[in-house]
Structures are given as C-alpha cells and as structure tokens.
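Novice: Contents of work_3.tsv (TSV, C-alpha atoms):
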```tsv
chain	number	residue	atom	x	y	z
H	1	MET	CA	126.76	143.19	76.50
H	2	ALA	CA	126.42	139.53	77.43
H	3	TRP	CA	127.19	137.12	74.61
H	4	GLN	CA	124.51	134.49	74.07
H	5	ARG	CA	126.31	131.23	73.42
H	6	PRO	CA	124.88	129.26	70.48
H	7	ASP	CA	124.50	126.09	72.55
H	8	GLY	CA	123.17	127.85	75.65
H	9	ARG	CA	126.25	127.27	77.81
H	10	GLN	CA	127.33	129.62	80.57
H	11	PRO	CA	130.44	131.72	79.79
H	12	HIS	CA	132.76	129.55	81.90
H	13	GLN	CA	131.21	126.18	81.04
H	14	LEU	CA	132.99	123.46	79.08
H	15	ARG	CA	131.31	121.50	76.34
H	16	PRO	CA	130.52	117.89	77.31
H	17	VAL	CA	133.77	115.92	77.21
H	18	SER	CA	134.31	112.16	77.06
H	19	PHE	CA	137.11	109.67	76.39
H	20	GLU	CA	136.34	106.29	74.83
H	21	ARG	CA	139.42	104.18	75.51
H	22	GLN	CA	140.65	101.19	73.51
H	23	PHE	CA	138.74	102.50	70.51
H	24	THR	CA	140.96	100.63	68.04
H	25	LYS	CA	142.49	97.17	68.36
H	26	PHE	CA	146.12	97.44	67.29
H	27	SER	CA	147.44	100.69	68.79
H	28	ALA	CA	149.24	100.65	72.13
H	29	GLY	CA	146.80	103.33	73.24
H	30	SER	CA	143.72	104.66	71.47
H	31	VAL	CA	141.04	107.09	72.61
H	32	LEU	CA	138.11	108.68	70.82
H	33	THR	CA	137.94	112.13	72.37
H	34	ARG	CA	134.70	114.08	72.22
H	35	CYS	CA	134.47	117.77	73.15
H	36	GLY	CA	130.98	118.83	72.16
H	37	ASN	CA	130.74	118.19	68.43
H	38	THR	CA	134.51	117.98	68.00
H	39	GLN	CA	135.74	114.39	67.77
H	40	VAL	CA	139.41	113.40	67.59
H	41	LEU	CA	140.82	109.89	67.44
H	42	CYS	CA	144.10	109.83	69.39
H	43	THR	CA	146.32	106.78	68.96
H	44	VAL	CA	149.77	105.95	70.29
H	45	SER	CA	152.25	103.54	68.69
H	46	VAL	CA	155.55	102.34	70.16
H	47	GLU	CA	158.71	101.86	68.13
H	48	GLU	CA	162.06	100.59	69.33
H	49	GLY	CA	164.82	103.09	68.65
H	50	VAL	CA	165.03	106.87	68.60
H	51	PRO	CA	165.94	109.62	66.12
H	52	ARG	CA	169.61	109.83	65.22
H	53	PHE	CA	170.31	112.79	67.47
H	54	LEU	CA	169.33	110.66	70.52
H	55	GLN	CA	170.98	107.36	69.58
H	56	GLY	CA	173.26	106.09	72.36
H	57	SER	CA	171.84	108.57	74.89
H	58	GLY	CA	169.61	106.06	76.67
H	59	ARG	CA	166.72	108.52	76.32
H	60	GLY	CA	163.44	108.08	74.50
H	61	TRP	CA	161.39	110.43	72.33
H	62	LEU	CA	157.82	111.35	71.48
H	63	SER	CA	156.61	112.66	68.15
H	64	ALA	CA	153.11	113.73	67.09
H	65	GLU	CA	151.19	113.94	63.84
H	66	TYR	CA	147.88	115.74	63.29
H	67	ARG	CA	145.50	115.47	60.38
H	68	MET	CA	142.03	116.73	59.56
H	69	LEU	CA	140.09	113.99	57.74
H	70	PRO	CA	138.32	115.09	54.53
H	71	GLY	CA	134.82	114.71	55.99
H	72	ALA	CA	135.55	116.50	59.27
H	73	THR	CA	134.13	119.84	58.08
H	74	PRO	CA	130.99	120.87	56.16
H	75	GLN	CA	133.01	121.25	52.96
H	76	ARG	CA	135.42	118.40	52.16
H	77	GLN	CA	139.08	119.21	52.68
H	78	ALA	CA	141.67	117.52	50.52
H	79	ARG	CA	144.04	115.14	52.28
H	80	GLU	CA	147.46	116.55	53.09
H	81	ILE	CA	149.85	113.97	51.71
H	82	MET	CA	153.01	115.31	50.09
H	83	LYS	CA	153.01	118.77	51.69
H	84	LEU	CA	151.60	119.79	55.06
H	85	SER	CA	149.97	123.17	55.54
H	86	GLY	CA	151.55	125.62	57.96
H	87	ARG	CA	148.56	125.17	60.28
H	88	THR	CA	148.97	121.40	60.41
H	89	GLN	CA	152.69	121.68	61.13
H	90	GLU	CA	152.07	124.23	63.89
H	91	ILE	CA	149.41	122.08	65.55
H	92	GLN	CA	151.33	118.83	65.50
H	93	ARG	CA	154.38	120.56	66.95
H	94	LEU	CA	152.20	121.95	69.74
H	95	ILE	CA	150.80	118.48	70.46
H	96	GLY	CA	154.29	117.00	70.53
H	97	ARG	CA	155.69	119.67	72.85
H	98	SER	CA	152.73	119.36	75.20
H	99	LEU	CA	152.90	115.57	75.51
H	100	ARG	CA	156.69	115.50	75.79
H	101	SER	CA	156.28	117.62	78.93
H	102	THR	CA	154.63	114.64	80.66
H	103	LEU	CA	157.50	112.18	80.31
H	104	ASP	CA	160.82	111.27	81.92
H	105	PHE	CA	162.60	110.10	78.77
H	106	GLU	CA	165.40	108.37	80.67
H	107	LEU	CA	162.82	106.01	82.17
H	108	LEU	CA	161.37	105.39	78.70
H	109	GLY	CA	164.71	104.20	77.33
H	110	GLU	CA	165.54	104.32	73.64
H	111	ARG	CA	161.97	104.01	72.40
H	112	THR	CA	159.83	106.39	70.38
H	113	LEU	CA	156.18	107.05	71.15
H	114	LEU	CA	154.26	108.15	68.06
H	115	VAL	CA	151.04	110.04	68.75
H	116	ASP	CA	148.52	110.42	65.93
H	117	ALA	CA	145.63	112.84	66.27
H	118	ASP	CA	143.06	112.41	63.50
H	119	VAL	CA	140.14	114.82	63.51
H	120	LEU	CA	136.95	112.98	62.60
H	121	GLN	CA	134.66	115.96	63.16
H	122	ALA	CA	135.67	119.57	63.71
H	123	ASP	CA	133.73	122.19	65.64
H	124	ALA	CA	136.76	124.19	66.87
H	125	GLY	CA	139.16	123.17	69.63
H	126	THR	CA	140.71	120.33	67.66
H	127	ARG	CA	144.26	121.04	68.85
H	128	THR	CA	143.23	121.26	72.49
H	129	ALA	CA	141.14	118.07	72.22
H	130	SER	CA	144.13	116.35	70.60
H	131	ILE	CA	146.33	117.21	73.57
H	132	THR	CA	143.76	116.36	76.25
H	133	GLY	CA	142.76	113.08	74.60
H	134	GLY	CA	146.32	112.35	73.53
H	135	TYR	CA	147.37	112.25	77.17
H	136	VAL	CA	144.76	109.59	77.96
H	137	ALA	CA	145.95	107.47	75.02
H	138	LEU	CA	149.55	107.99	76.11
H	139	ALA	CA	148.77	106.87	79.67
H	140	ASP	CA	147.22	103.66	78.32
H	141	ALA	CA	150.20	103.00	76.05
H	142	VAL	CA	152.71	103.51	78.86
H	143	GLN	CA	150.74	101.31	81.23
H	144	GLY	CA	150.82	98.60	78.57
H	145	LEU	CA	154.62	98.79	78.40
H	146	VAL	CA	154.81	98.43	82.18
H	147	ALA	CA	152.38	95.50	82.16
H	148	GLN	CA	154.47	93.74	79.51
H	149	GLY	CA	157.59	94.14	81.63
H	150	LEU	CA	159.25	96.37	79.05
H	151	LEU	CA	159.45	99.22	81.55
H	152	ALA	CA	160.25	98.90	85.26
H	153	ARG	CA	157.96	101.82	86.06
H	154	SER	CA	155.93	104.44	84.30
H	155	PRO	CA	157.87	107.34	82.76
H	156	LEU	CA	154.82	109.61	83.11
H	157	VAL	CA	155.67	112.38	85.58
H	158	HIS	CA	152.90	114.86	84.76
H	159	SER	CA	149.45	114.92	83.30
H	160	VAL	CA	148.48	117.64	80.84
H	161	ALA	CA	145.32	119.13	79.40
H	162	ALA	CA	144.47	121.98	77.06
H	163	VAL	CA	141.54	124.30	76.45
H	164	SER	CA	140.62	127.33	74.35
H	165	VAL	CA	139.43	130.66	75.77
H	166	GLY	CA	138.18	133.59	73.73
H	167	LEU	CA	137.11	137.19	74.11
H	168	ILE	CA	133.91	138.23	72.33
H	169	GLU	CA	132.41	141.68	72.96
H	170	ASP	CA	134.39	141.85	76.24
H	171	ASN	CA	132.99	138.48	77.37
H	172	VAL	CA	135.56	135.86	78.39
H	173	LEU	CA	134.31	132.50	77.08
H	174	LEU	CA	135.65	129.03	77.81
H	175	ASP	CA	136.00	126.27	75.22
H	176	LEU	CA	134.90	127.97	72.02
H	177	GLN	CA	132.86	126.18	69.41
H	178	TYR	CA	133.20	127.13	65.74
H	179	ASP	CA	130.61	129.96	65.63
H	180	GLU	CA	132.37	131.58	68.57
H	181	ASP	CA	135.89	130.86	67.34
H	182	VAL	CA	135.34	132.82	64.14
H	183	ALA	CA	133.71	135.71	66.06
H	184	ALA	CA	136.39	136.02	68.75
H	185	ALA	CA	138.45	139.21	68.88
H	186	VAL	CA	141.01	137.43	71.06
H	187	ASP	CA	141.75	133.71	70.93
H	188	PHE	CA	143.87	131.77	73.45
H	189	ASN	CA	144.93	128.13	73.69
H	190	LEU	CA	146.20	127.11	77.12
H	191	VAL	CA	148.17	123.98	77.98
H	192	LEU	CA	148.69	123.30	81.71
H	193	ASN	CA	149.86	120.36	83.79
H	194	GLU	CA	148.25	118.95	86.93
H	195	ASN	CA	149.99	121.59	89.06
H	196	LEU	CA	148.42	124.27	86.83
H	197	ASN	CA	151.90	125.21	85.69
H	198	ILE	CA	152.04	126.51	82.14
H	199	VAL	CA	153.31	124.25	79.38
H	200	GLU	CA	152.30	126.60	76.58
H	201	VAL	CA	150.15	129.68	76.02
H	202	GLN	CA	149.11	130.76	72.54
H	203	GLY	CA	147.30	134.09	72.54
H	204	THR	CA	146.44	136.34	69.62
H	205	ALA	CA	144.36	139.44	69.05
H	206	GLU	CA	142.52	138.78	65.80
H	207	GLU	CA	141.68	142.47	65.64
H	208	GLY	CA	142.95	145.38	67.74
H	209	SER	CA	144.57	144.44	71.03
H	210	PHE	CA	143.80	143.29	74.55
H	211	SER	CA	144.83	144.43	78.01
H	212	ARG	CA	146.89	142.73	80.69
H	213	GLN	CA	143.76	142.63	82.85
H	214	GLN	CA	141.84	140.82	80.11
H	215	MET	CA	144.70	138.36	79.70
H	216	ASN	CA	144.64	137.62	83.43
H	217	GLN	CA	140.90	136.96	83.21
H	218	ILE	CA	141.45	134.62	80.27
H	219	LEU	CA	144.11	132.68	82.18
H	220	GLU	CA	141.89	132.39	85.26
H	221	VAL	CA	138.96	131.08	83.22
H	222	GLY	CA	141.29	128.72	81.38
H	223	GLU	CA	142.52	127.31	84.69
H	224	LEU	CA	138.94	126.53	85.71
H	225	GLY	CA	138.46	124.56	82.50
H	226	ILE	CA	141.78	122.74	82.80
H	227	LYS	CA	140.92	121.59	86.33
H	228	GLN	CA	137.73	120.01	85.03
H	229	LEU	CA	139.52	118.36	82.10
H	230	LEU	CA	142.22	116.93	84.37
H	231	ALA	CA	139.49	115.47	86.59
H	232	ALA	CA	137.75	113.99	83.55
H	233	GLN	CA	141.03	112.39	82.43
H	234	GLN	CA	141.58	110.86	85.86
H	235	ALA	CA	138.04	109.50	85.94
H	236	ALA	CA	138.45	107.97	82.49
H	237	LEU	CA	141.71	106.25	83.47
H	238	LEU	CA	140.34	104.57	86.61
```
Kindly return the structure encoded in the file as structure tokens.
Specialist:
Amino acid sequence: MAWQRPDGRQPHQLRPVSFERQFTKFSAGSVLTRCGNTQVLCTVSVEEGVPRFLQGSGRGWLSAEYRMLPGATPQRQAREIMKLSGRTQEIQRLIGRSLRSTLDFELLGERTLLVDADVLQADAGTRTASITGGYVALADAVQGLVAQGLLARSPLVHSVAAVSVGLIEDNVLLDLQYDEDVAAAVDFNLVLNENLNIVEVQGTAEEGSFSRQQMNQILEVGELGIKQLLAAQQAALL
C-alpha cells in the first residue's frame, strides 16, 4: 500500500534544502542549513595546534560537536552540559568522521578545525543536515585560510553529503520527516562523497528485519538524494 507522505512529497523527493552562508560574524565558516522544517546552524572555528597524538606529525585534525538546543523540539529538552547522552556522542562522532573524509590533513598542517552543529529546530534528519551543511561551512572556512595566505592550497579533496532513507509499509522513502521517522520499520542514514563512494552507512531494522533487495533499493534511492544535495552544495558555494 502506498504511503501518503504528511507533506505531500513523492516517495523519492527531498524536502526543500537551503544553505545561508556567513550566518554569523565571527566563525571562519557559518551556515544555517534548512532541510524542510529542520534547521541546523553549522559553524567552523580554526585553532592553531593539534591533539597530543598528532603533535610533530605535520598533520591537522577536525573535531565535531553536536547539540540540540532546548527549544528545538515541541517539549523543551534540558541542555547537555556536564554529561552527553549516548545519542549526542554517536551523532557528533558521525559528523566528525564524515567531514574528516573530505580533507588532506597534511595540506592543512598542524591546525584543528572545530565544527559545531547546533540544532535550532528538529523535524528529523538533524545528523544528516549537520553533515551536509557542515561541509558548506567547512568549505568557506578553508577558503578563508587560503585567502589569508595561511594555506598554499585547499586541503579539501572531496565533498560529502548525507541523507536519511526509510522503509514504511514496504515503501522506500527519501529524507524522512519526524512523523515518518517514528513510523519507519527500517531507518538508514547514508553518507556519500561526490563520487558516490560510501563514507558511512547506518542501517537498522526498528522491528523485524529487511532483505538484501530492500537494502539495495534504499541505497539506490539514497544515491538519488545525495546527488541532489551535492548539486545544492555546489550551487550555494558559487
């Protein structure tokens, strides 16, 4: 049976996506990322020096932090200050891994790029929006380093984007919003680069199981979405 999407989208249609660059004044890169009703502020800061395990290596590093602001959901969530939830730790590690895949750290030198993803409004897909928007903010930050003469050339070697895909009543749906996310029997998050090579795949059956054929369908639909997101990133960075 065909699933009627709450917002009237077709099964393989993304939510409207936009990137508002230079959203804040002081960050090296800052982008307000909108994916439907999900809004994430992605900022990038640059620090000289690297973690101890990289000191003297000549290589740089990238680290990411993710937070859900208290007013991002219908019911206020307390700020995570002293102790991070398992979900928050998982998501910020995913963001960090995904964005590190874009960089040649030898070209960056012994600098650390700090990516902050702050969810202003959540309607599912916050981790994927953080990655997709985080790349745009990262590209701006790196270009700034080149423009200042701090880098001879850009260390960016790949672009990256991420999207969610779900299975509801045997329907493969792209870019789930909250009502669909909670109803999905299978939930995937895909992270691909511009060559459509896989950076990360997170896939879980919330109930029961799914077949190899269904997984292939999910990956194919996810690729379609990633292509559109990569194009939107490129257009935003022109």
Novice: If we count all atoms listed in the file, what is near range 184-200 of chain H at a cut-off of 9 Å, once residues fewer than 3 positions away on the same chain are taken out, given as a compact mmCIF listing (two decimals) with C-alpha atoms, in the frame of the given file?
Specialist:
```txt
# COMPACT_ATOMS: atom_id res chain seq x y z
CA LEU H 94 152.20 121.95 69.74
CA ARG H 97 155.69 119.67 72.85
CA SER H 98 152.73 119.36 75.20
CA SER H 101 156.28 117.62 78.93
CA THR H 102 154.63 114.64 80.66
CA GLY H 125 139.16 123.17 69.63
CA ARG H 127 144.26 121.04 68.85
CA THR H 128 143.23 121.26 72.49
CA ILE H 131 146.33 117.21 73.57
CA THR H 132 143.76 116.36 76.25
CA HIS H 158 152.90 114.86 84.76
CA SER H 159 149.45 114.92 83.30
CA VAL H 160 148.48 117.64 80.84
CA ALA H 161 145.32 119.13 79.40
CA ALA H 162 144.47 121.98 77.06
CA VAL H 163 141.54 124.30 76.45
CA SER H 164 140.62 127.33 74.35
CA VAL H 165 139.43 130.66 75.77
CA GLY H 166 138.18 133.59 73.73
CA LEU H 167 137.11 137.19 74.11
CA ILE H 168 133.91 138.23 72.33
CA GLU H 169 132.41 141.68 72.96
CA ASP H 170 134.39 141.85 76.24
CA LEU H 176 134.90 127.97 72.02
CA ASP H 179 130.61 129.96 65.63
CA GLU H 180 132.37 131.58 68.57
CA ASP H 181 135.89 130.86 67.34
CA GLY H 203 147.30 134.09 72.54
CA THR H 204 146.44 136.34 69.62
CA ALA H 205 144.36 139.44 69.05
CA GLU H 206 142.52 138.78 65.80
CA GLU H 207 141.68 142.47 65.64
CA GLY H 208 142.95 145.38 67.74
CA SER H 209 144.57 144.44 71.03
CA PHE H 210 143.80 143.29 74.55
CA ILE H 218 141.45 134.62 80.27
CA LEU H 219 144.11 132.68 82.18
CA GLY H 222 141.29 128.72 81.38
CA GLU H 223 142.52 127.31 84.69
CA ILE H 226 141.78 122.74 82.80
CA LYS H 227 140.92 121.59 86.33
CA LEU H 230 142.22 116.93 84.37
```
Novice: Kindly give the distance, in Å, that separates CA of Glu48 in chain H and CA of Leu113 in chain H, rounded to a single decimal.
Specialist: 8.9 Å
Novice: Find the residues around Asp118 in chain H up to 8 Å (only C-alpha atoms counted), leave out those fewer than 6 positions away in its own chain, and share them as a list in words.
Specialist: Val40, Leu41, Cys42, Tyr66, Arg67, Met68 and Leu69 of chain H
Novice: In Å, with one decimal, what is the gap from CA of Leu238 in chain H to CA of Gly60 in chain H?
Specialist: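 Atom-to-atom, CA of Leu238 in chain H and CA of Gly60 in chain H are spaced 26.3 Å apart.
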Novice: Provide the CA of Asp116 in chain H to CA of Gly225 in chain H distance in Å, to one decimal place.
Specialist: 24.0 Å
Novice: Out of H:Leu224, H:Val182, H:Leu62, H:Ala232, which residue has the shortest atom-to-atom distance to Glu110 in chain H when counting all atoms listed in the file?
Specialist: H:Leu62
Novice: Find the residues around Ala64 in chain H up to 12 Å (only C-alpha atoms counted), leave out those fewer than 6 positions away in its own chain, and share them as a PyMOL selection string.
Specialist: chain H and resi 42-45+88-100+112-118+127+130-131+134-135+138
Novice: Which one is closest to Gln10 in chain H: H:Val201, H:Val221, H:Met82, H:Leu174? Count all atoms listed in the file.
Specialist: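 Closest to Gln10 in chain H of all the choices is H:Leu174.
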Novice: Between H:Ala122, H:Gln143, H:Gln13, H:Ala183, which has the minimum distance to Gln75 in chain H (counting only C-alpha atoms)?
Specialist: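 Answer, going by the shortest atom-to-atom distance: H:Ala122.
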Novice: Can you list, as a PDB file with C-alpha atoms, in the coordinates of the input, every protein, DNA or RNA residue that comes within 12 Å of Leu108 in chain H when you count only C-alpha atoms, leaving out same-chain residues fewer than 5 positions away?
Specialist:
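File produced: out.pdb:
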```pdb
ATOM      1  CA  VAL H  46     155.550 102.340  70.160  1.00  0.00           C
ATOM      2  CA  GLU H  47     158.710 101.860  68.130  1.00  0.00           C
ATOM      3  CA  GLU H  48     162.060 100.590  69.330  1.00  0.00           C
ATOM      4  CA  GLY H  49     164.820 103.090  68.650  1.00  0.00           C
ATOM      5  CA  VAL H  50     165.030 106.870  68.600  1.00  0.00           C
ATOM      6  CA  SER H  57     171.840 108.570  74.890  1.00  0.00           C
ATOM      7  CA  GLY H  58     169.610 106.060  76.670  1.00  0.00           C
ATOM      8  CA  ARG H  59     166.720 108.520  76.320  1.00  0.00           C
ATOM      9  CA  GLY H  60     163.440 108.080  74.500  1.00  0.00           C
ATOM     10  CA  TRP H  61     161.390 110.430  72.330  1.00  0.00           C
ATOM     11  CA  LEU H  62     157.820 111.350  71.480  1.00  0.00           C
ATOM     12  CA  ARG H 100     156.690 115.500  75.790  1.00  0.00           C
ATOM     13  CA  THR H 102     154.630 114.640  80.660  1.00  0.00           C
ATOM     14  CA  LEU H 103     157.500 112.180  80.310  1.00  0.00           C
ATOM     15  CA  LEU H 113     156.180 107.050  71.150  1.00  0.00           C
ATOM     16  CA  ALA H 141     150.200 103.000  76.050  1.00  0.00           C
ATOM     17  CA  VAL H 142     152.710 103.510  78.860  1.00  0.00           C
ATOM     18  CA  GLN H 143     150.740 101.310  81.230  1.00  0.00           C
ATOM     19  CA  LEU H 145     154.620  98.790  78.400  1.00  0.00           C
ATOM     20  CA  VAL H 146     154.810  98.430  82.180  1.00  0.00           C
ATOM     21  CA  LEU H 150     159.250  96.370  79.050  1.00  0.00           C
ATOM     22  CA  LEU H 151     159.450  99.220  81.550  1.00  0.00           C
ATOM     23  CA  ALA H 152     160.250  98.900  85.260  1.00  0.00           C
ATOM     24  CA  ARG H 153     157.960 101.820  86.060  1.00  0.00           C
ATOM     25  CA  SER H 154     155.930 104.440  84.300  1.00  0.00           C
ATOM     26  CA  PRO H 155     157.870 107.340  82.760  1.00  0.00           C
ATOM     27  CA  LEU H 156     154.820 109.610  83.110  1.00  0.00           C
ATOM     28  CA  VAL H 157     155.670 112.380  85.580  1.00  0.00           C
TER      29      VAL H 157
END
```
Novice: If I put a ball of radius 12 Å at (131.1, 108.6, 77.1) in the file's coordinates, which residues poke into it when counting all atoms listed in the file, written as a ChimeraX atom specification?
Specialist: /H:16-21,23,31-36,39,232-233,235-236
Novice: Copy range 139-163 of chain H out of the block into a file, keeping N, CA and C atoms, as a CSV table (one decimal), in the first residue's frame.
Specialist:
```csv
chain,number,residue,atom,x,y,z
H,139,ALA,N,33.9,24.3,3.8
H,139,ALA,CA,34.5,24.9,2.5
H,139,ALA,C,34.7,26.4,2.6
H,140,ASP,N,33.8,27.1,3.3
H,140,ASP,CA,34.0,28.5,3.5
H,140,ASP,C,35.2,28.8,4.4
H,141,ALA,N,35.3,28.0,5.5
H,141,ALA,CA,36.5,28.2,6.4
H,141,ALA,C,37.8,27.9,5.7
H,142,VAL,N,37.9,26.9,4.9
H,142,VAL,CA,39.1,26.5,4.3
H,142,VAL,C,39.5,27.6,3.2
H,143,GLN,N,38.5,28.1,2.5
H,143,GLN,CA,38.8,29.1,1.5
H,143,GLN,C,39.3,30.4,2.2
H,144,GLY,N,38.8,30.7,3.4
H,144,GLY,CA,39.3,31.8,4.1
H,144,GLY,C,40.7,31.7,4.5
H,145,LEU,N,41.1,30.4,4.9
H,145,LEU,CA,42.6,30.2,5.2
H,145,LEU,C,43.5,30.4,4.0
H,146,VAL,N,43.0,30.0,2.8
H,146,VAL,CA,43.7,30.1,1.6
H,146,VAL,C,43.8,31.6,1.3
H,147,ALA,N,42.7,32.3,1.4
H,147,ALA,CA,42.7,33.8,1.0
H,147,ALA,C,43.6,34.6,2.0
H,148,GLN,N,43.7,34.1,3.2
H,148,GLN,CA,44.6,34.8,4.1
H,148,GLN,C,46.1,34.5,3.9
H,149,GLY,N,46.4,33.5,3.0
H,149,GLY,CA,47.7,33.1,2.8
H,149,GLY,C,48.3,32.1,3.8
H,150,LEU,N,47.4,31.6,4.7
H,150,LEU,CA,47.8,30.6,5.7
H,150,LEU,C,47.9,29.2,5.1
H,151,LEU,N,47.3,29.0,4.0
H,151,LEU,CA,47.4,27.7,3.3
H,151,LEU,C,47.8,28.0,1.9
H,152,ALA,N,48.7,27.2,1.3
H,152,ALA,CA,49.1,27.4,-0.1
H,152,ALA,C,48.0,27.0,-1.0
H,153,ARG,N,47.2,25.9,-0.7
H,153,ARG,CA,46.1,25.5,-1.5
H,153,ARG,C,45.1,24.8,-0.5
H,154,SER,N,43.9,24.6,-1.1
H,154,SER,CA,42.9,24.0,-0.3
H,154,SER,C,43.2,22.5,0.1
H,155,PRO,N,43.0,22.1,1.3
H,155,PRO,CA,43.1,20.7,1.7
H,155,PRO,C,41.9,19.9,1.4
H,156,LEU,N,40.8,20.5,0.9
H,156,LEU,CA,39.6,19.7,0.6
H,156,LEU,C,39.8,18.9,-0.6
H,157,VAL,N,39.6,17.6,-0.5
H,157,VAL,CA,39.8,16.7,-1.6
H,157,VAL,C,38.5,16.0,-2.0
H,158,HIS,N,37.5,16.1,-1.2
H,158,HIS,CA,36.2,15.5,-1.5
H,158,HIS,C,35.1,16.4,-1.0
H,159,SER,N,34.0,16.3,-1.6
H,159,SER,CA,32.8,16.9,-0.9
H,159,SER,C,32.0,15.7,-0.3
H,160,VAL,N,31.1,16.0,0.6
H,160,VAL,CA,30.3,14.9,1.2
H,160,VAL,C,28.9,15.5,1.5
H,161,ALA,N,28.0,14.6,1.5
H,161,ALA,CA,26.6,14.9,1.8
H,161,ALA,C,25.9,13.7,2.5
H,162,ALA,N,24.8,13.9,3.2
H,162,ALA,CA,24.2,12.8,3.9
H,162,ALA,C,22.7,12.9,3.8
H,163,VAL,N,22.0,11.8,3.8
H,163,VAL,CA,20.5,11.8,3.8
H,163,VAL,C,20.0,10.6,4.5
```
